[in-house]
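K.L.:
Sharing work.cif, mmCIF, C-alpha atoms:
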data_data
#
loop_
_atom_site.label_atom_id
_atom_site.label_comp_id
_atom_site.auth_asym_id
_atom_site.auth_seq_id
_atom_site.Cartn_x
_atom_site.Cartn_y
_atom_site.Cartn_z
CA MET A 1 96.88 84.19 106.70
CA ALA A 2 97.99 80.60 106.19
CA PHE A 3 100.99 78.33 106.73
CA ALA A 4 101.85 75.37 104.49
CA SER A 5 104.65 72.80 104.44
CA GLU A 6 105.75 70.50 101.63
CA LEU A 7 108.69 68.30 100.67
CA PHE A 8 111.01 70.18 98.30
CA PHE A 9 113.87 67.71 97.77
CA THR A 10 115.79 64.98 99.56
CA LEU A 11 119.46 65.23 100.49
CA PRO A 12 121.86 62.46 99.37
CA ASP A 13 121.87 61.09 102.94
CA GLY A 14 118.08 60.78 102.88
CA ARG A 15 117.15 63.80 104.99
CA PRO A 16 114.15 65.72 103.66
CA VAL A 17 114.37 69.42 102.78
CA ARG A 18 111.03 71.15 103.23
CA ARG A 19 109.56 74.35 101.86
CA TYR A 20 107.40 76.43 104.18
CA THR A 21 105.01 79.04 102.76
CA LEU A 22 103.40 81.94 104.59
CA SER A 23 100.47 83.52 102.75
CA GLY A 24 98.71 86.75 103.63
CA PRO A 25 96.66 89.54 102.07
CA ASP A 26 99.79 91.29 100.78
CA GLY A 27 101.43 88.27 99.13
CA ALA A 28 103.35 85.13 100.03
CA VAL A 29 106.81 84.19 101.32
CA SER A 30 108.42 80.76 100.99
CA VAL A 31 111.39 79.52 103.01
CA LEU A 32 113.52 76.36 102.82
CA ASP A 33 114.99 74.71 105.89
CA TRP A 34 118.13 74.13 103.78
CA GLY A 35 120.25 77.16 104.66
CA ALA A 36 117.20 78.89 106.20
CA THR A 37 116.89 80.04 102.60
CA LEU A 38 114.43 82.68 101.47
CA TYR A 39 113.04 80.82 98.46
CA ASP A 40 110.29 82.97 96.98
CA VAL A 41 108.44 86.24 97.54
CA THR A 42 105.26 87.02 95.62
CA VAL A 43 103.75 90.53 95.47
CA ALA A 44 101.41 92.34 93.08
CA GLY A 45 102.48 94.99 90.59
CA ARG A 46 100.59 98.12 89.56
CA ASP A 47 98.42 95.94 87.30
CA GLY A 48 97.36 93.81 90.27
CA VAL A 49 99.07 90.70 88.88
CA PRO A 50 101.09 88.73 91.49
CA ARG A 51 104.74 88.32 90.56
CA GLN A 52 107.62 86.33 91.95
CA VAL A 53 110.29 88.95 92.66
CA LEU A 54 112.97 86.79 94.27
CA LEU A 55 115.42 84.71 92.24
CA HIS A 56 115.48 81.02 93.13
CA TYR A 57 116.38 77.61 91.75
CA ALA A 58 113.96 75.03 90.44
CA GLY A 59 115.22 72.07 92.42
CA GLY A 60 117.52 70.51 94.96
CA ALA A 61 120.54 69.88 92.75
CA GLU A 62 120.96 73.60 92.14
CA TYR A 63 120.68 74.40 95.84
CA LEU A 64 123.30 71.80 96.72
CA ALA A 65 125.67 73.55 94.29
CA ASN A 66 124.58 77.06 95.28
CA THR A 67 127.74 79.04 94.55
CA ASP A 68 125.73 82.30 94.44
CA TYR A 69 124.36 81.90 98.02
CA LEU A 70 120.96 82.43 96.42
CA GLY A 71 118.53 83.48 99.16
CA ALA A 72 120.62 81.85 101.89
CA PHE A 73 121.04 82.93 105.48
CA VAL A 74 124.83 83.20 105.68
CA GLY A 75 127.21 82.89 108.64
CA ARG A 76 128.97 82.38 111.00
CA VAL A 77 130.37 85.63 109.55
CA ALA A 78 128.90 87.19 106.43
CA ASN A 79 131.07 88.76 103.73
CA ARG A 80 134.85 88.55 103.49
CA THR A 81 137.46 88.10 106.21
CA ALA A 82 140.96 89.01 105.06
CA LYS A 83 143.06 85.89 104.45
CA GLY A 84 140.69 83.99 106.76
CA ARG A 85 142.59 85.21 109.81
CA PHE A 86 141.69 87.00 113.00
CA VAL A 87 143.00 87.32 116.54
CA LEU A 88 140.60 87.00 119.46
CA ASP A 89 141.64 87.50 123.08
CA GLY A 90 145.27 87.03 122.09
CA LYS A 91 144.75 83.79 120.15
CA ALA A 92 145.13 83.59 116.37
CA TYR A 93 142.58 81.68 114.29
CA GLN A 94 142.80 80.49 110.70
CA LEU A 95 139.59 79.90 108.74
CA ALA A 96 139.21 78.21 105.37
CA CYS A 97 139.89 80.54 102.43
CA ASN A 98 137.07 79.84 99.97
CA ASN A 99 137.18 83.11 98.01
CA GLY A 100 140.69 83.39 96.64
CA GLU A 101 142.91 84.27 99.57
CA ASN A 102 139.94 85.29 101.74
CA HIS A 103 137.23 83.65 103.81
CA LEU A 104 133.68 84.31 102.55
CA HIS A 105 130.24 83.86 104.15
CA GLY A 106 131.25 81.35 106.80
CA GLY A 107 133.54 79.13 104.77
CA GLU A 108 133.33 76.06 102.58
CA GLU A 109 130.47 74.61 104.65
CA GLY A 110 128.80 77.77 105.93
CA PHE A 111 125.27 78.01 107.27
CA ASP A 112 123.98 78.23 103.69
CA ARG A 113 124.86 74.53 103.39
CA ARG A 114 123.19 73.31 106.59
CA LEU A 115 119.81 71.76 107.23
CA PHE A 116 118.04 73.81 109.88
CA THR A 117 115.45 72.34 112.25
CA LEU A 118 111.87 73.57 112.40
CA ALA A 119 111.46 75.09 115.86
CA GLY A 120 107.98 76.54 115.49
CA SER A 121 105.40 77.80 113.02
CA GLY A 122 102.07 79.56 112.81
CA GLU A 123 99.88 81.16 110.21
CA ASP A 124 102.18 84.19 110.04
CA PHE A 125 105.66 82.87 110.97
CA VAL A 126 108.16 80.06 110.64
CA GLU A 127 111.11 79.60 113.00
CA LEU A 128 114.23 77.57 112.25
CA CYS A 129 117.21 76.73 114.44
CA LEU A 130 120.77 75.49 114.00
CA SER A 131 123.52 74.37 116.35
CA SER A 132 127.06 75.09 115.15
CA PRO A 133 129.71 73.13 117.10
CA ASP A 134 132.95 74.44 118.57
CA GLY A 135 135.57 74.56 115.80
CA ASP A 136 132.99 74.67 113.01
CA GLN A 137 134.85 75.99 109.91
CA GLY A 138 137.60 77.10 112.31
CA TYR A 139 135.41 79.31 114.51
CA PRO A 140 135.66 78.97 118.30
CA GLY A 141 132.71 78.12 120.51
CA ARG A 142 129.41 76.34 120.15
CA LEU A 143 126.84 78.69 118.66
CA GLU A 144 123.07 78.33 118.92
CA LEU A 145 121.11 80.20 116.26
CA THR A 146 117.39 80.85 115.78
CA VAL A 147 116.03 82.40 112.58
CA ARG A 148 112.44 83.59 112.22
CA TYR A 149 110.55 84.78 109.13
CA ARG A 150 107.37 86.66 110.01
CA LEU A 151 104.66 88.31 107.92
CA VAL A 152 103.90 91.96 108.73
CA GLU A 153 101.66 94.53 107.10
CA GLY A 154 102.93 95.14 103.59
CA GLY A 155 105.72 92.58 103.72
CA PHE A 156 107.77 90.46 106.09
CA VAL A 157 110.57 90.53 108.65
CA LEU A 158 113.59 88.28 109.12
CA GLU A 159 114.75 88.16 112.75
CA TRP A 160 117.56 86.17 114.31
CA GLN A 161 119.27 85.62 117.60
CA ALA A 162 122.46 83.80 118.49
CA MET A 163 124.26 82.71 121.66
CA ALA A 164 127.67 81.08 122.12
CA ASP A 165 129.55 79.34 124.93
CA LYS A 166 132.91 80.89 123.90
CA ALA A 167 133.79 84.25 122.43
CA THR A 168 133.40 84.06 118.65
CA PRO A 169 132.84 86.34 115.67
CA ALA A 170 129.14 86.28 114.74
CA ALA A 171 127.71 88.46 111.98
CA PHE A 172 124.90 87.21 109.74
CA THR A 173 122.85 88.38 106.77
CA SER A 174 120.32 87.33 104.14
CA HIS A 175 121.76 86.86 100.65
CA ALA A 176 118.53 87.37 98.70
CA TYR A 177 118.62 88.34 95.02
CA TRP A 178 115.78 90.58 93.84
CA ASN A 179 114.30 91.54 90.51
CA LEU A 180 111.09 93.49 91.04
CA ALA A 181 110.22 93.22 87.35
CA GLY A 182 109.89 89.48 87.93
CA ALA A 183 112.30 86.73 88.88
CA ASP A 184 112.86 85.82 85.21
CA ALA A 185 112.89 89.38 83.83
CA GLY A 186 116.66 89.31 83.32
CA PRO A 187 119.57 91.78 83.46
CA GLU A 188 118.09 94.61 81.39
CA ALA A 189 115.08 94.88 83.69
CA MET A 190 117.25 94.63 86.80
CA LEU A 191 119.61 97.38 85.67
CA ALA A 192 116.62 99.67 85.06
CA HIS A 193 115.60 99.55 88.74
CA ARG A 194 115.80 102.91 90.47
CA LEU A 195 117.68 102.62 93.75
CA ARG A 196 118.01 104.95 96.68
CA LEU A 197 120.46 104.01 99.43
CA PHE A 198 120.28 105.85 102.75
CA ALA A 199 124.05 106.17 102.82
CA HIS A 200 126.40 109.05 102.11
CA ARG A 201 129.54 106.95 102.65
CA TYR A 202 130.90 103.61 101.52
CA THR A 203 133.96 101.47 102.20
CA PRO A 204 136.32 101.24 99.20
CA VAL A 205 138.02 97.89 98.67
CA GLY A 206 141.39 96.58 97.62
CA PRO A 207 142.11 94.13 94.80
CA THR A 208 140.64 91.12 96.68
CA LEU A 209 137.49 93.06 97.75
CA ILE A 210 138.65 93.55 101.36
CA PRO A 211 137.89 97.09 102.63
CA THR A 212 140.93 99.33 102.70
CA GLY A 213 139.84 100.86 106.02
CA GLU A 214 138.70 104.11 104.45
CA VAL A 215 135.08 105.24 104.82
CA ALA A 216 134.69 107.52 101.80
CA ALA A 217 132.03 109.96 100.67
CA VAL A 218 129.87 108.80 97.75
CA GLU A 219 129.38 112.35 96.48
CA GLY A 220 130.72 112.82 92.97
CA THR A 221 131.15 109.08 92.37
CA PRO A 222 129.09 106.29 90.73
CA PHE A 223 128.35 105.12 94.29
CA ASP A 224 126.06 108.06 95.00
CA PHE A 225 122.54 106.66 95.38
CA THR A 226 121.44 109.27 97.92
CA ALA A 227 118.80 110.22 95.33
CA PRO A 228 117.13 107.53 93.17
CA ARG A 229 119.26 106.45 90.23
CA ALA A 230 119.03 103.54 87.81
CA ILE A 231 121.33 100.73 88.91
CA GLY A 232 122.74 100.41 85.41
CA GLU A 233 123.21 104.12 84.78
CA ARG A 234 126.85 104.23 85.93
CA ILE A 235 127.71 100.60 86.62
CA ASP A 236 130.14 100.39 83.69
CA GLN A 237 131.74 103.80 84.11
CA GLU A 238 135.49 104.00 84.37
CA HIS A 239 136.13 104.05 88.08
CA PRO A 240 138.83 102.08 89.93
CA GLN A 241 136.36 100.66 92.46
CA LEU A 242 133.93 99.48 89.78
CA ALA A 243 136.85 97.92 87.91
CA ILE A 244 137.95 95.91 90.95
CA ALA A 245 134.49 94.44 91.58
CA GLY A 246 133.24 94.26 88.00
CA GLY A 247 130.45 96.63 89.06
CA TYR A 248 128.82 97.19 92.43
CA ASP A 249 129.88 94.86 95.25
CA HIS A 250 130.51 97.30 98.09
CA ASN A 251 129.49 98.04 101.65
CA PHE A 252 127.64 101.28 102.37
CA ALA A 253 127.51 102.95 105.80
CA LEU A 254 123.90 103.74 106.70
CA ASP A 255 123.10 107.29 107.76
CA GLU A 256 119.72 107.24 109.42
CA PRO A 257 119.26 106.68 113.16
CA ALA A 258 117.26 103.70 114.31
CA GLY A 259 113.58 104.25 115.05
CA PRO A 260 111.66 103.07 118.13
CA ASP A 261 111.55 99.55 116.67
CA GLY A 262 115.36 99.50 116.34
CA LEU A 263 115.22 99.59 112.53
CA ARG A 264 116.91 102.20 110.33
CA PRO A 265 116.05 102.87 106.66
CA LEU A 266 118.39 101.01 104.34
CA ALA A 267 117.09 101.32 100.78
CA ARG A 268 114.14 102.06 98.54
CA VAL A 269 114.10 100.49 95.08
CA THR A 270 111.51 100.51 92.29
CA SER A 271 111.03 98.57 89.07
CA PRO A 272 109.77 100.92 86.33
CA ALA A 273 108.35 97.89 84.51
CA THR A 274 105.95 96.76 87.25
CA GLY A 275 105.80 99.71 89.63
CA ILE A 276 106.73 97.39 92.48
CA THR A 277 108.65 99.27 95.16
CA MET A 278 110.59 97.59 97.94
CA GLU A 279 111.59 99.41 101.11
CA VAL A 280 114.22 97.77 103.31
CA ALA A 281 115.11 98.59 106.91
CA SER A 282 117.47 96.90 109.36
CA THR A 283 119.02 97.03 112.81
CA LEU A 284 122.47 96.72 111.22
CA PRO A 285 124.89 99.57 110.38
CA GLY A 286 125.76 98.70 106.79
CA VAL A 287 124.54 97.15 103.56
CA GLN A 288 126.41 95.29 100.84
CA PHE A 289 124.95 96.39 97.52
CA TYR A 290 125.81 93.66 95.04
CA ALA A 291 124.64 93.86 91.43
CA GLY A 292 125.19 90.20 90.56
CA ASN A 293 128.52 90.68 88.78
CA PHE A 294 129.74 87.14 89.50
CA MET A 295 126.48 85.19 89.19
CA LYS A 296 126.77 81.65 87.87
CA GLY A 297 123.38 80.00 88.39
CA HIS A 298 121.57 82.82 86.57
CA ALA A 299 122.56 85.37 83.97
CA LYS A 300 125.05 87.96 85.17
CA ARG A 301 123.27 90.93 86.78
CA SER A 302 119.83 89.35 86.61
CA GLY A 303 119.29 90.13 90.30
CA PHE A 304 120.61 92.51 92.94
CA CYS A 305 121.36 92.01 96.63
CA LEU A 306 120.97 94.41 99.54
CA GLU A 307 122.72 92.50 102.33
CA ALA A 308 122.21 94.26 105.67
CA GLN A 309 125.38 93.68 107.67
CA THR A 310 128.17 94.82 109.91
CA PHE A 311 131.10 96.07 107.84
CA PRO A 312 133.20 93.46 106.01
CA ASP A 313 136.38 92.34 107.80
CA ALA A 314 135.31 94.28 110.91
CA VAL A 315 136.95 91.62 113.07
CA ASN A 316 140.31 92.81 111.70
CA GLN A 317 139.51 96.52 111.36
CA PRO A 318 138.73 98.03 114.77
CA ALA A 319 138.72 101.51 113.23
CA PHE A 320 135.28 100.66 111.85
CA GLY A 321 134.07 100.73 115.45
CA GLN A 322 131.97 97.58 115.21
CA ASP A 323 132.17 94.79 117.74
CA VAL A 324 131.30 91.55 115.93
CA ILE A 325 132.41 89.35 118.84
CA LEU A 326 129.64 87.44 120.58
CA ARG A 327 130.61 86.47 124.14
CA PRO A 328 129.11 83.97 126.59
CA GLY A 329 126.05 85.37 128.30
CA GLN A 330 125.30 87.74 125.42
CA VAL A 331 122.54 87.40 122.84
CA ARG A 332 123.09 88.75 119.33
CA ARG A 333 119.75 89.97 117.92
CA ASP A 334 119.21 91.62 114.56
CA ALA A 335 116.47 92.02 111.96
CA ILE A 336 115.71 93.02 108.38
CA ARG A 337 112.28 94.20 107.23
CA TRP A 338 111.04 94.27 103.63
CA ARG A 339 107.90 96.16 102.64
CA PHE A 340 106.31 96.33 99.20
CA CYS A 341 103.87 98.55 97.38
CA ALA A 342 102.95 99.25 93.73
CA GLU A 343 103.27 102.71 92.21
#
Write out the structure in this file as structure tokens.
P.N.:
Amino acid sequence: MAFASELFFTLPDGRPVRRYTLSGPDGAVSVLDWGATLYDVTVAGRDGVPRQVLLHYAGGAEYLANTDYLGAFVGRVANRTAKGRFVLDGKAYQLACNNGENHLHGGEEGFDRRLFTLAGSGEDFVELCLSSPDGDQGYPGRLELTVRYRLVEGGFVLEWQAMADKATPAAFTSHAYWNLAGADAGPEAMLAHRLRLFAHRYTPVGPTLIPTGEVAAVEGTPFDFTAPRAIGERIDQEHPQLAIAGGYDHNFALDEPAGPDGLRPLARVTSPATGITMEVASTLPGVQFYAGNFMKGHAKRSGFCLEAQTFPDAVNQPAFGQDVILRPGQVRRDAIRWRFCAE
């Protein structure tokens, strides 16, 4: 295993943005300190040829204008918060609305647009940290965040922990876009991927993509990926939920219990073109399956996201049963693991 660091680009204020690469027998993972961004993942296909399977940008200008959150670690709260509002301990808060009438992925200057600090590194890990001040994007409390990418057998793990000095919503995820046929393989190859989600239920959304509060069965709908199906097989079917989102952009409720390591199976997805299979597991209860319907920096639907998460708008929907409030003295810890093989 090996660790390498190099200058990637320089911010307008002169601060350097670095790319850190972890290399091992099963491939390589690269991370930027800008947004704690997962930049590149390289694994071998059935032919033994290494392939980049993560979409990324070529240079700094694209990352500074990253409207797709490409590979970013997003927060302080991932996904959408209805009308940017929530009430916490009897006090109402208003966040910036940067997605129509809603707040998305931490706001106009979310964690995807921050330069993290290198806190530690080794041949198999890199650790980045960020301090978010009280009032940041409208959120209460000072939040201290540590993000670690670590190589494991067959893949890698993203782990994070957060603490705050005031009660605050805190719910993070990785916004990586995958195409296991190759990062430049395009929409046709992406839509051919066969996906299995370990979820028998999903959360339907209203016209602005905020969950309605219902947790509905996927059976008999285009959202049923309980057995492997091609992503593109039903993505353009006539269905009111697909019409709202222009395809898949929905949260799924994971079924499987967590194992001894705290991780529960999330998804298994295979590219028929390369045989590369990715298995994803997480400590979190849900996953946003997004098929790239609104992509701007790349062709529409050229990559898919599996964003492990708490349910969208959970801060306003207690019926979901998920406490996204981080309080003083608590530590919020979560993880996502990706493993790869060729079939």
K.L.:
Please return, as a ChimeraX atom specification, all polymer residues that have at least one atom within 12 Å of the point (130.9, 93.8, 100.4); use only C-alpha atoms and the file's own coordinate frame.
P.N.:
/A:78-81,104-105,173,175,202-206,208-212,241,244-245,247-253,286-292,305-314
K.L.:
Could you pull the residues within 10 Å of Tyr93 in chain A, counting only C-alpha atoms, minus those fewer than 2 positions along the same chain, as number ranges by chain?
P.N.:
A: 84-88, 90-91, 95, 138-140
K.L.:
Any idea what's packed within 6 Å of Ala267 in chain A, counting all atoms listed in the file, ignoring anything in its chain fewer than 5 positions away? Could you give it as a list of chain:residue names?
P.N.:
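In the requested form, the answer reads A:Arg196, A:Leu197, A:Phe198, A:Glu279, A:Val280.
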K.L.:
Range 48-60 of chain A: which residues within 7 Å, counting all atoms listed in the file, same-chain residues fewer than 2 positions away excluded, as a PyMOL selection string?
P.N.:
chain A and resi 9+39-46+62-64+70+177-183+303
K.L.:
Please determine, counting only C-alpha atoms, which residue among A:Ser271, A:Thr168, A:Thr117, A:Asn316 has the shortest atom-to-atom distance to Pro133 in chain A.
P.N.:
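Using only C-alpha atoms, Pro133 in chain A sits closest to A:Thr168.
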K.L.:
Decode the PyMOL selection byres ((chain A and resi 72) around 7) for the given file into explicit residues and return them as a PDB file with C-alpha atoms, in the frame of the given file.
P.N.:
ATOM      1  CA  GLY A  35     120.250  77.160 104.660  1.00  0.00           C
ATOM      2  CA  ALA A  36     117.200  78.890 106.200  1.00  0.00           C
ATOM      3  CA  THR A  37     116.890  80.040 102.600  1.00  0.00           C
ATOM      4  CA  LEU A  38     114.430  82.680 101.470  1.00  0.00           C
ATOM      5  CA  TYR A  69     124.360  81.900  98.020  1.00  0.00           C
ATOM      6  CA  LEU A  70     120.960  82.430  96.420  1.00  0.00           C
ATOM      7  CA  GLY A  71     118.530  83.480  99.160  1.00  0.00           C
ATOM      8  CA  PHE A  73     121.040  82.930 105.480  1.00  0.00           C
ATOM      9  CA  VAL A  74     124.830  83.200 105.680  1.00  0.00           C
ATOM     10  CA  ASP A 112     123.980  78.230 103.690  1.00  0.00           C
ATOM     11  CA  SER A 174     120.320  87.330 104.140  1.00  0.00           C
ATOM     12  CA  HIS A 175     121.760  86.860 100.650  1.00  0.00           C
ATOM     13  CA  ALA A 176     118.530  87.370  98.700  1.00  0.00           C
TER      14      ALA A 176
END
K.L.:
Here's a test: counting all atoms listed in the file, identify every protein, DNA and RNA residue with an atom at most 9 Å from (119.9, 103.9, 106.9) in the file's coordinate frame, and state them as a PDB file with C-alpha atoms, keeping the file's coordinate frame.
P.N.:
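This went into selection01.pdb:
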ATOM      1  CA  LEU A 197     120.460 104.010  99.430  1.00  0.00           C
ATOM      2  CA  PHE A 198     120.280 105.850 102.750  1.00  0.00           C
ATOM      3  CA  ALA A 199     124.050 106.170 102.820  1.00  0.00           C
ATOM      4  CA  ALA A 253     127.510 102.950 105.800  1.00  0.00           C
ATOM      5  CA  LEU A 254     123.900 103.740 106.700  1.00  0.00           C
ATOM      6  CA  ASP A 255     123.100 107.290 107.760  1.00  0.00           C
ATOM      7  CA  GLU A 256     119.720 107.240 109.420  1.00  0.00           C
ATOM      8  CA  PRO A 257     119.260 106.680 113.160  1.00  0.00           C
ATOM      9  CA  ALA A 258     117.260 103.700 114.310  1.00  0.00           C
ATOM     10  CA  LEU A 263     115.220  99.590 112.530  1.00  0.00           C
ATOM     11  CA  ARG A 264     116.910 102.200 110.330  1.00  0.00           C
ATOM     12  CA  PRO A 265     116.050 102.870 106.660  1.00  0.00           C
ATOM     13  CA  LEU A 266     118.390 101.010 104.340  1.00  0.00           C
ATOM     14  CA  ALA A 267     117.090 101.320 100.780  1.00  0.00           C
ATOM     15  CA  ALA A 281     115.110  98.590 106.910  1.00  0.00           C
ATOM     16  CA  SER A 282     117.470  96.900 109.360  1.00  0.00           C
ATOM     17  CA  LEU A 284     122.470  96.720 111.220  1.00  0.00           C
ATOM     18  CA  PRO A 285     124.890  99.570 110.380  1.00  0.00           C
ATOM     19  CA  GLY A 286     125.760  98.700 106.790  1.00  0.00           C
ATOM     20  CA  VAL A 287     124.540  97.150 103.560  1.00  0.00           C
TER      21      VAL A 287
END
K.L.:
May I ask for the distance between CA of Asp134 in chain A and CA of Glu101 in chain A, given in Å to one decimal place?
P.N.:
23.6 Å
